[in-house]
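Text of coords.txt (compact mmCIF, N, CA and C atoms) as supplied:
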# COMPACT_ATOMS: atom_id res chain seq x y z
N MET A 69 -34.91 27.64 -13.27
CA MET A 69 -34.01 28.18 -12.27
C MET A 69 -33.02 27.16 -11.76
N GLU A 70 -33.40 25.91 -11.72
CA GLU A 70 -32.50 24.88 -11.22
C GLU A 70 -31.41 24.53 -12.21
N MET A 71 -31.54 24.92 -13.45
CA MET A 71 -30.53 24.61 -14.46
C MET A 71 -29.22 25.33 -14.15
N LYS A 72 -29.29 26.54 -13.67
CA LYS A 72 -28.07 27.31 -13.41
C LYS A 72 -27.22 26.65 -12.32
N PRO A 73 -27.76 26.27 -11.17
CA PRO A 73 -26.93 25.61 -10.17
C PRO A 73 -26.33 24.30 -10.68
N LEU A 74 -27.10 23.52 -11.45
CA LEU A 74 -26.57 22.27 -11.98
C LEU A 74 -25.43 22.54 -12.94
N ARG A 75 -25.59 23.56 -13.78
CA ARG A 75 -24.54 23.90 -14.73
C ARG A 75 -23.29 24.37 -13.99
N GLU A 76 -23.47 25.18 -12.94
CA GLU A 76 -22.32 25.65 -12.16
C GLU A 76 -21.62 24.48 -11.49
N LYS A 77 -22.37 23.50 -10.98
CA LYS A 77 -21.77 22.32 -10.36
C LYS A 77 -20.97 21.53 -11.39
N ALA A 78 -21.52 21.38 -12.58
CA ALA A 78 -20.84 20.63 -13.63
C ALA A 78 -19.53 21.33 -14.02
N MET A 79 -19.57 22.66 -14.14
CA MET A 79 -18.37 23.40 -14.50
C MET A 79 -17.33 23.33 -13.38
N ALA A 80 -17.77 23.39 -12.13
CA ALA A 80 -16.84 23.27 -11.01
C ALA A 80 -16.19 21.89 -11.02
N GLY A 81 -16.95 20.86 -11.32
CA GLY A 81 -16.42 19.50 -11.41
C GLY A 81 -15.39 19.38 -12.52
N GLN A 82 -15.66 20.03 -13.66
CA GLN A 82 -14.71 20.01 -14.78
C GLN A 82 -13.42 20.73 -14.39
N ARG A 83 -13.52 21.84 -13.66
CA ARG A 83 -12.33 22.58 -13.22
C ARG A 83 -11.49 21.71 -12.27
N ARG A 84 -12.17 21.01 -11.35
CA ARG A 84 -11.44 20.12 -10.42
C ARG A 84 -10.75 19.01 -11.19
N SER A 85 -11.43 18.44 -12.17
CA SER A 85 -10.83 17.37 -12.98
C SER A 85 -9.62 17.88 -13.74
N ALA A 86 -9.73 19.07 -14.31
CA ALA A 86 -8.61 19.65 -15.04
C ALA A 86 -7.44 19.92 -14.10
N LEU A 87 -7.71 20.43 -12.91
CA LEU A 87 -6.66 20.68 -11.93
C LEU A 87 -5.98 19.37 -11.52
N PHE A 88 -6.78 18.33 -11.29
CA PHE A 88 -6.24 17.02 -10.93
C PHE A 88 -5.30 16.52 -12.03
N LEU A 89 -5.74 16.65 -13.30
CA LEU A 89 -4.91 16.20 -14.41
C LEU A 89 -3.60 16.98 -14.48
N LEU A 90 -3.65 18.28 -14.25
CA LEU A 90 -2.43 19.07 -14.25
C LEU A 90 -1.47 18.63 -13.15
N VAL A 91 -2.00 18.37 -11.97
CA VAL A 91 -1.16 17.89 -10.87
C VAL A 91 -0.58 16.52 -11.21
N LEU A 92 -1.41 15.64 -11.77
CA LEU A 92 -0.97 14.30 -12.13
C LEU A 92 0.13 14.36 -13.19
N ILE A 93 -0.05 15.19 -14.19
CA ILE A 93 0.95 15.35 -15.25
C ILE A 93 2.22 15.95 -14.67
N GLY A 94 2.08 16.93 -13.79
CA GLY A 94 3.24 17.59 -13.19
C GLY A 94 4.09 16.67 -12.34
N THR A 95 3.50 15.61 -11.80
CA THR A 95 4.26 14.67 -10.97
C THR A 95 4.63 13.42 -11.76
N GLY A 96 4.39 13.43 -13.06
CA GLY A 96 4.70 12.26 -13.86
C GLY A 96 3.72 11.12 -13.62
N GLY A 97 2.60 11.39 -12.97
CA GLY A 97 1.60 10.37 -12.72
C GLY A 97 1.98 9.44 -11.58
N VAL A 98 3.04 9.77 -10.86
CA VAL A 98 3.52 8.92 -9.78
C VAL A 98 3.39 9.66 -8.47
N ALA A 99 2.94 8.96 -7.45
CA ALA A 99 2.85 9.57 -6.13
C ALA A 99 4.26 9.90 -5.64
N GLN A 100 4.44 11.08 -5.13
CA GLN A 100 5.74 11.52 -4.66
C GLN A 100 5.92 11.14 -3.20
N ALA A 101 7.11 10.62 -2.87
CA ALA A 101 7.41 10.28 -1.47
C ALA A 101 7.57 11.58 -0.69
N ALA A 102 7.21 11.51 0.57
CA ALA A 102 7.40 12.67 1.43
C ALA A 102 8.89 12.96 1.55
N PRO A 103 9.26 14.21 1.69
CA PRO A 103 10.69 14.52 1.83
C PRO A 103 11.25 13.89 3.10
N PHE A 104 12.53 13.60 3.08
CA PHE A 104 13.19 12.98 4.22
C PHE A 104 13.21 13.95 5.40
N ASP A 105 12.97 13.43 6.59
CA ASP A 105 13.00 14.23 7.81
C ASP A 105 13.85 13.50 8.84
N ALA A 106 15.04 14.00 9.10
CA ALA A 106 15.98 13.36 10.04
C ALA A 106 15.45 13.36 11.47
N ASN A 107 14.40 14.12 11.75
CA ASN A 107 13.85 14.18 13.10
C ASN A 107 12.81 13.11 13.38
N LEU A 108 12.39 12.36 12.35
CA LEU A 108 11.42 11.30 12.56
C LEU A 108 12.06 10.17 13.37
N PRO A 109 11.28 9.48 14.19
CA PRO A 109 11.84 8.36 14.97
C PRO A 109 12.20 7.20 14.04
N TYR A 110 13.13 6.38 14.50
CA TYR A 110 13.54 5.19 13.76
C TYR A 110 13.88 4.09 14.77
N PRO A 111 13.90 2.83 14.32
CA PRO A 111 14.12 1.71 15.24
C PRO A 111 15.50 1.72 15.89
N THR A 112 15.60 1.12 17.07
CA THR A 112 16.90 1.02 17.75
C THR A 112 17.81 0.01 17.06
N GLU A 113 17.27 -0.80 16.16
CA GLU A 113 18.08 -1.78 15.43
C GLU A 113 18.81 -1.16 14.26
N VAL A 114 18.57 0.10 13.99
CA VAL A 114 19.30 0.83 12.95
C VAL A 114 19.85 2.12 13.55
N ALA A 115 20.84 2.67 12.88
CA ALA A 115 21.42 3.95 13.30
C ALA A 115 21.34 4.91 12.12
N LEU A 116 21.12 6.17 12.40
CA LEU A 116 21.10 7.20 11.37
C LEU A 116 22.40 7.96 11.44
N SER A 117 23.15 7.98 10.34
CA SER A 117 24.43 8.67 10.29
C SER A 117 24.35 9.82 9.30
N GLN A 118 24.95 10.94 9.67
CA GLN A 118 25.06 12.04 8.72
C GLN A 118 26.46 11.97 8.14
N GLU A 119 26.53 11.82 6.81
CA GLU A 119 27.79 11.68 6.11
C GLU A 119 27.86 12.74 5.02
N LYS A 120 28.97 12.80 4.31
CA LYS A 120 29.15 13.86 3.30
C LYS A 120 28.09 13.85 2.21
N ASP A 121 27.55 12.67 1.88
CA ASP A 121 26.54 12.56 0.82
C ASP A 121 25.12 12.71 1.32
N GLY A 122 24.93 12.88 2.62
CA GLY A 122 23.60 13.01 3.19
C GLY A 122 23.45 12.09 4.39
N TYR A 123 22.19 11.78 4.71
CA TYR A 123 21.90 10.88 5.83
C TYR A 123 21.77 9.46 5.30
N ILE A 124 22.18 8.50 6.13
CA ILE A 124 22.05 7.10 5.75
C ILE A 124 21.73 6.26 6.98
N TYR A 125 20.83 5.30 6.78
CA TYR A 125 20.54 4.34 7.85
C TYR A 125 21.50 3.17 7.73
N ARG A 126 21.97 2.69 8.88
CA ARG A 126 22.88 1.54 8.94
C ARG A 126 22.37 0.57 9.99
N ARG A 127 22.80 -0.69 9.87
CA ARG A 127 22.47 -1.70 10.87
C ARG A 127 23.14 -1.33 12.19
N PHE A 128 22.42 -1.51 13.28
CA PHE A 128 23.00 -1.25 14.60
C PHE A 128 22.72 -2.44 15.50
N PRO A 129 23.73 -3.01 16.11
CA PRO A 129 25.15 -2.70 15.92
C PRO A 129 25.69 -3.30 14.62
N GLY A 130 26.86 -2.93 14.24
CA GLY A 130 27.53 -3.46 13.05
C GLY A 130 27.86 -2.41 12.02
N ASN A 131 27.04 -1.36 11.95
CA ASN A 131 27.30 -0.23 11.05
C ASN A 131 27.24 -0.59 9.56
N GLN A 132 26.64 -1.73 9.22
CA GLN A 132 26.55 -2.12 7.81
C GLN A 132 25.43 -1.35 7.12
N ARG A 133 25.59 -1.14 5.81
CA ARG A 133 24.56 -0.50 5.01
C ARG A 133 23.35 -1.42 4.89
N LEU A 134 22.21 -0.85 4.62
CA LEU A 134 20.97 -1.59 4.49
C LEU A 134 20.59 -1.74 3.02
N TYR A 135 19.90 -2.85 2.73
CA TYR A 135 19.49 -3.18 1.36
C TYR A 135 18.01 -3.48 1.29
N THR A 136 17.45 -3.31 0.09
CA THR A 136 16.10 -3.76 -0.21
C THR A 136 16.18 -4.80 -1.32
N TYR A 137 15.11 -5.59 -1.45
CA TYR A 137 15.07 -6.72 -2.37
C TYR A 137 13.86 -6.57 -3.29
N ASP A 138 14.09 -6.48 -4.59
CA ASP A 138 13.01 -6.27 -5.55
C ASP A 138 11.96 -7.38 -5.55
N LEU A 139 12.32 -8.58 -5.15
CA LEU A 139 11.38 -9.70 -5.20
C LEU A 139 10.46 -9.77 -3.99
N ASP A 140 10.62 -8.86 -3.04
CA ASP A 140 9.71 -8.81 -1.89
C ASP A 140 8.35 -8.28 -2.34
N PRO A 141 7.28 -9.07 -2.15
CA PRO A 141 5.95 -8.52 -2.44
C PRO A 141 5.57 -7.53 -1.35
N ALA A 142 4.56 -6.74 -1.60
CA ALA A 142 4.13 -5.73 -0.63
C ALA A 142 3.82 -6.37 0.72
N GLY A 143 4.44 -5.83 1.76
CA GLY A 143 4.14 -6.26 3.11
C GLY A 143 4.73 -7.58 3.56
N ARG A 144 5.63 -8.18 2.77
CA ARG A 144 6.28 -9.41 3.22
C ARG A 144 7.69 -9.53 2.65
N SER A 145 8.42 -10.49 3.22
CA SER A 145 9.78 -10.77 2.78
C SER A 145 9.80 -12.04 1.97
N ALA A 146 10.45 -12.01 0.82
CA ALA A 146 10.64 -13.21 0.01
C ALA A 146 12.02 -13.81 0.27
N CYS A 147 12.82 -13.17 1.13
CA CYS A 147 14.16 -13.64 1.44
C CYS A 147 14.11 -14.42 2.75
N ASN A 148 14.03 -15.75 2.63
CA ASN A 148 13.93 -16.63 3.78
C ASN A 148 14.99 -17.72 3.67
N ASP A 149 15.13 -18.51 4.72
CA ASP A 149 16.04 -19.67 4.75
C ASP A 149 17.47 -19.26 4.37
N SER A 150 18.04 -19.88 3.31
CA SER A 150 19.44 -19.61 2.96
C SER A 150 19.62 -18.16 2.51
N CYS A 151 18.61 -17.59 1.89
CA CYS A 151 18.69 -16.18 1.50
C CYS A 151 18.88 -15.31 2.73
N ALA A 152 18.13 -15.59 3.79
CA ALA A 152 18.22 -14.80 5.01
C ALA A 152 19.55 -15.03 5.74
N SER A 153 20.22 -16.14 5.48
CA SER A 153 21.55 -16.36 6.06
C SER A 153 22.57 -15.43 5.42
N ALA A 154 22.48 -15.27 4.12
CA ALA A 154 23.40 -14.39 3.40
C ALA A 154 23.01 -12.92 3.53
N ARG A 155 21.71 -12.67 3.64
CA ARG A 155 21.15 -11.32 3.74
C ARG A 155 20.32 -11.23 5.01
N PRO A 156 20.95 -11.11 6.16
CA PRO A 156 20.18 -11.09 7.41
C PRO A 156 19.16 -9.95 7.44
N PRO A 157 17.91 -10.29 7.71
CA PRO A 157 16.88 -9.24 7.83
C PRO A 157 17.15 -8.40 9.08
N ILE A 158 16.71 -7.17 9.06
CA ILE A 158 16.78 -6.32 10.25
C ILE A 158 15.53 -6.65 11.06
N LEU A 159 15.74 -7.51 12.05
CA LEU A 159 14.63 -8.01 12.84
C LEU A 159 14.11 -6.95 13.81
N ALA A 160 12.82 -7.01 14.02
CA ALA A 160 12.14 -6.10 14.96
C ALA A 160 11.64 -6.93 16.13
N PRO A 161 11.56 -6.33 17.31
CA PRO A 161 10.99 -7.05 18.45
C PRO A 161 9.52 -7.40 18.18
N ALA A 162 9.04 -8.43 18.84
CA ALA A 162 7.65 -8.89 18.66
C ALA A 162 6.64 -7.78 18.96
N ASN A 163 6.98 -6.87 19.87
CA ASN A 163 6.05 -5.80 20.24
C ASN A 163 6.33 -4.48 19.49
N ALA A 164 7.15 -4.53 18.44
CA ALA A 164 7.51 -3.31 17.70
C ALA A 164 6.28 -2.71 17.03
N LYS A 165 6.26 -1.39 16.99
CA LYS A 165 5.18 -0.63 16.34
C LYS A 165 5.79 0.27 15.27
N ALA A 166 5.00 0.58 14.26
CA ALA A 166 5.44 1.48 13.20
C ALA A 166 5.83 2.82 13.80
N MET A 167 6.84 3.45 13.19
CA MET A 167 7.29 4.78 13.63
C MET A 167 7.91 5.51 12.45
N GLY A 168 7.52 6.76 12.27
CA GLY A 168 8.08 7.55 11.18
C GLY A 168 7.89 6.84 9.84
N ASP A 169 8.99 6.65 9.10
CA ASP A 169 8.96 5.97 7.80
C ASP A 169 9.12 4.45 7.93
N TRP A 170 9.14 3.95 9.15
CA TRP A 170 9.40 2.53 9.42
C TRP A 170 8.11 1.80 9.81
N THR A 171 7.92 0.61 9.21
CA THR A 171 6.80 -0.25 9.56
C THR A 171 7.36 -1.63 9.89
N VAL A 172 6.49 -2.50 10.38
CA VAL A 172 6.89 -3.85 10.77
C VAL A 172 6.12 -4.85 9.93
N ILE A 173 6.84 -5.85 9.40
CA ILE A 173 6.19 -6.94 8.67
C ILE A 173 6.41 -8.24 9.42
N ARG A 174 5.57 -9.21 9.17
CA ARG A 174 5.72 -10.55 9.77
C ARG A 174 6.38 -11.45 8.73
N ARG A 175 7.46 -12.10 9.12
CA ARG A 175 8.20 -13.00 8.23
C ARG A 175 7.55 -14.39 8.21
N ASP A 176 7.94 -15.20 7.25
CA ASP A 176 7.38 -16.56 7.13
C ASP A 176 7.61 -17.40 8.38
N ASP A 177 8.73 -17.16 9.08
CA ASP A 177 9.03 -17.95 10.28
C ASP A 177 8.37 -17.38 11.54
N GLY A 178 7.57 -16.33 11.38
CA GLY A 178 6.85 -15.74 12.50
C GLY A 178 7.56 -14.58 13.17
N THR A 179 8.83 -14.37 12.84
CA THR A 179 9.54 -13.22 13.41
C THR A 179 9.08 -11.95 12.71
N HIS A 180 9.49 -10.81 13.23
CA HIS A 180 9.12 -9.52 12.67
C HIS A 180 10.36 -8.85 12.09
N GLN A 181 10.13 -8.04 11.07
CA GLN A 181 11.22 -7.37 10.36
C GLN A 181 10.84 -5.92 10.11
N TRP A 182 11.84 -5.05 10.17
CA TRP A 182 11.62 -3.64 9.87
C TRP A 182 11.55 -3.43 8.36
N ALA A 183 10.68 -2.52 7.95
CA ALA A 183 10.56 -2.12 6.55
C ALA A 183 10.66 -0.59 6.50
N TYR A 184 11.46 -0.08 5.57
CA TYR A 184 11.62 1.36 5.40
C TYR A 184 10.81 1.79 4.19
N ARG A 185 9.87 2.70 4.44
CA ARG A 185 8.96 3.18 3.39
C ARG A 185 8.32 2.01 2.65
N GLY A 186 7.93 1.00 3.44
CA GLY A 186 7.20 -0.14 2.91
C GLY A 186 8.05 -1.28 2.39
N LYS A 187 9.38 -1.13 2.34
CA LYS A 187 10.24 -2.18 1.81
C LYS A 187 11.06 -2.81 2.93
N PRO A 188 10.94 -4.14 3.11
CA PRO A 188 11.75 -4.81 4.14
C PRO A 188 13.24 -4.53 3.91
N VAL A 189 13.98 -4.40 5.01
CA VAL A 189 15.42 -4.09 4.89
C VAL A 189 16.27 -5.21 5.46
N TYR A 190 17.45 -5.33 4.86
CA TYR A 190 18.41 -6.39 5.15
C TYR A 190 19.81 -5.79 5.21
N SER A 191 20.74 -6.57 5.77
CA SER A 191 22.15 -6.25 5.62
C SER A 191 22.76 -7.37 4.78
N LEU A 192 24.04 -7.32 4.52
CA LEU A 192 24.73 -8.36 3.75
C LEU A 192 25.80 -8.95 4.64
N PHE A 193 25.74 -10.26 4.84
CA PHE A 193 26.71 -10.96 5.68
C PHE A 193 28.11 -10.65 5.18
N HIS A 194 29.00 -10.26 6.06
CA HIS A 194 30.40 -9.93 5.78
C HIS A 194 30.58 -8.66 4.94
N ASP A 195 29.56 -7.83 4.84
CA ASP A 195 29.69 -6.55 4.13
C ASP A 195 30.52 -5.60 4.98
N ALA A 196 31.51 -4.96 4.40
CA ALA A 196 32.33 -4.00 5.13
C ALA A 196 31.57 -2.68 5.22
N PRO A 197 31.46 -2.10 6.42
CA PRO A 197 30.70 -0.85 6.56
C PRO A 197 31.16 0.27 5.62
N ALA A 198 32.46 0.40 5.40
CA ALA A 198 32.97 1.48 4.56
C ALA A 198 32.96 1.13 3.08
N LYS A 199 32.77 -0.14 2.76
CA LYS A 199 32.80 -0.56 1.35
C LYS A 199 31.75 -1.63 1.09
N PRO A 200 30.47 -1.23 1.04
CA PRO A 200 29.41 -2.21 0.79
C PRO A 200 29.54 -2.80 -0.62
N MET A 201 29.29 -4.10 -0.73
CA MET A 201 29.53 -4.80 -1.99
C MET A 201 28.28 -5.35 -2.67
N GLY A 202 27.11 -5.26 -2.04
CA GLY A 202 25.95 -5.96 -2.58
C GLY A 202 25.00 -5.15 -3.45
N ASP A 203 25.31 -3.88 -3.69
CA ASP A 203 24.37 -3.07 -4.47
C ASP A 203 24.29 -3.57 -5.91
N GLY A 204 23.09 -3.84 -6.38
CA GLY A 204 22.88 -4.30 -7.75
C GLY A 204 23.07 -5.79 -7.94
N GLU A 205 23.41 -6.52 -6.88
CA GLU A 205 23.64 -7.96 -6.99
C GLU A 205 22.42 -8.66 -7.56
N GLY A 206 22.63 -9.44 -8.61
CA GLY A 206 21.54 -10.16 -9.26
C GLY A 206 20.50 -9.25 -9.90
N GLY A 207 20.78 -7.97 -9.92
CA GLY A 207 19.83 -7.00 -10.46
C GLY A 207 18.63 -6.77 -9.56
N VAL A 208 18.62 -7.37 -8.34
CA VAL A 208 17.45 -7.29 -7.47
C VAL A 208 17.74 -6.74 -6.08
N TRP A 209 19.01 -6.59 -5.73
CA TRP A 209 19.38 -6.05 -4.42
C TRP A 209 19.85 -4.62 -4.58
N HIS A 210 19.34 -3.73 -3.72
CA HIS A 210 19.67 -2.31 -3.84
C HIS A 210 20.00 -1.73 -2.47
N ILE A 211 21.09 -1.02 -2.43
CA ILE A 211 21.48 -0.38 -1.19
C ILE A 211 20.51 0.76 -0.90
N LEU A 212 20.16 0.91 0.35
CA LEU A 212 19.28 2.03 0.73
C LEU A 212 20.02 3.32 0.42
N PRO A 213 19.47 4.19 -0.40
CA PRO A 213 20.21 5.38 -0.83
C PRO A 213 20.35 6.43 0.28
N TYR A 214 21.29 7.32 0.05
CA TYR A 214 21.44 8.46 0.95
C TYR A 214 20.20 9.32 0.85
N GLU A 215 19.82 9.93 1.95
CA GLU A 215 18.70 10.86 2.00
C GLU A 215 19.27 12.26 2.15
N LYS A 216 18.71 13.20 1.49
CA LYS A 216 19.19 14.59 1.56
C LYS A 216 18.28 15.41 2.45

Go through the file and emit its structure as structure tokens.
Amino acid sequence: MEMKPLREKAMAGQRRSALFLLVLIGTGGVAQAAPFDANLPYPTEVALSQEKDGYIYRRFPGNQRLYTYDLDPAGRSACNDSCASARPPILAPANAKAMGDWTVIRRDDGTHQWAYRGKPVYSLFHDAPAKPMGDGEGGVWHILPYEK
């Protein structure tokens, strides 16, 4: 009599595994980011603008576009010293807390920096707000894309 419940459990486990594989295949095996929500809170050091191509975060004040750096390891900034002079990090107050899609990382010099969806964000020194020039620089700098 106990064989039937065990067999049913095994079949239920196989169905769950098959469903998981279908979901995994359907998403390309990659975790999907949550859709953008313009109502989520964001730091006072950035501004959210609605433009013709969608929503975009900009440095506040200054209105410059924001960038991410491919060489940043998870949870830290690799852009320090002279790099940070050319690519100023978007600094967070010492008492800043995560909000919405924004988290706070600790920099090598002990200051705090905002990260968007886990990636530290920067601006580009002398970047014109209407004509950002640093996207793709060195193959490692990327402008924060428009959100729809």

For this session: Could you give me, as a PyMOL selection string, each residue of region 123-209 of chain A that DSSP assigns to alpha helix (DSSP H) when run on this structure's backbone?
Result: chain A and resi 150-154

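Proximity ranking of A:Ala166, A:Val189, A:Met201, A:Leu116 relative to Leu134 (chain A) places A:Val189 first, based on only C-alpha atoms.
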
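With all atoms listed in the file as the atoms that count, the residue of A:Ala106, A:Asn131, A:Gly186, A:Ile124 with the shortest distance to Ala198 (chain A) is A:Asn131.
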
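Take the candidates A:Gly122, A:Pro157, A:Pro111, A:Pro103 and check each one against Tyr135 (chain A) using only C-alpha atoms; the shortest distance goes to A:Pro157.
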
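Relative to atom N of Ile173 (chain A), CA of Gly143 (chain A) is found at 6.9 Å.
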
Problem set entry | Which of A:Arg174, A:Arg133, A:Arg155, A:Lys216 sits closest to Ala196 (chain A) [using only N, CA and C atoms] | A:Arg133
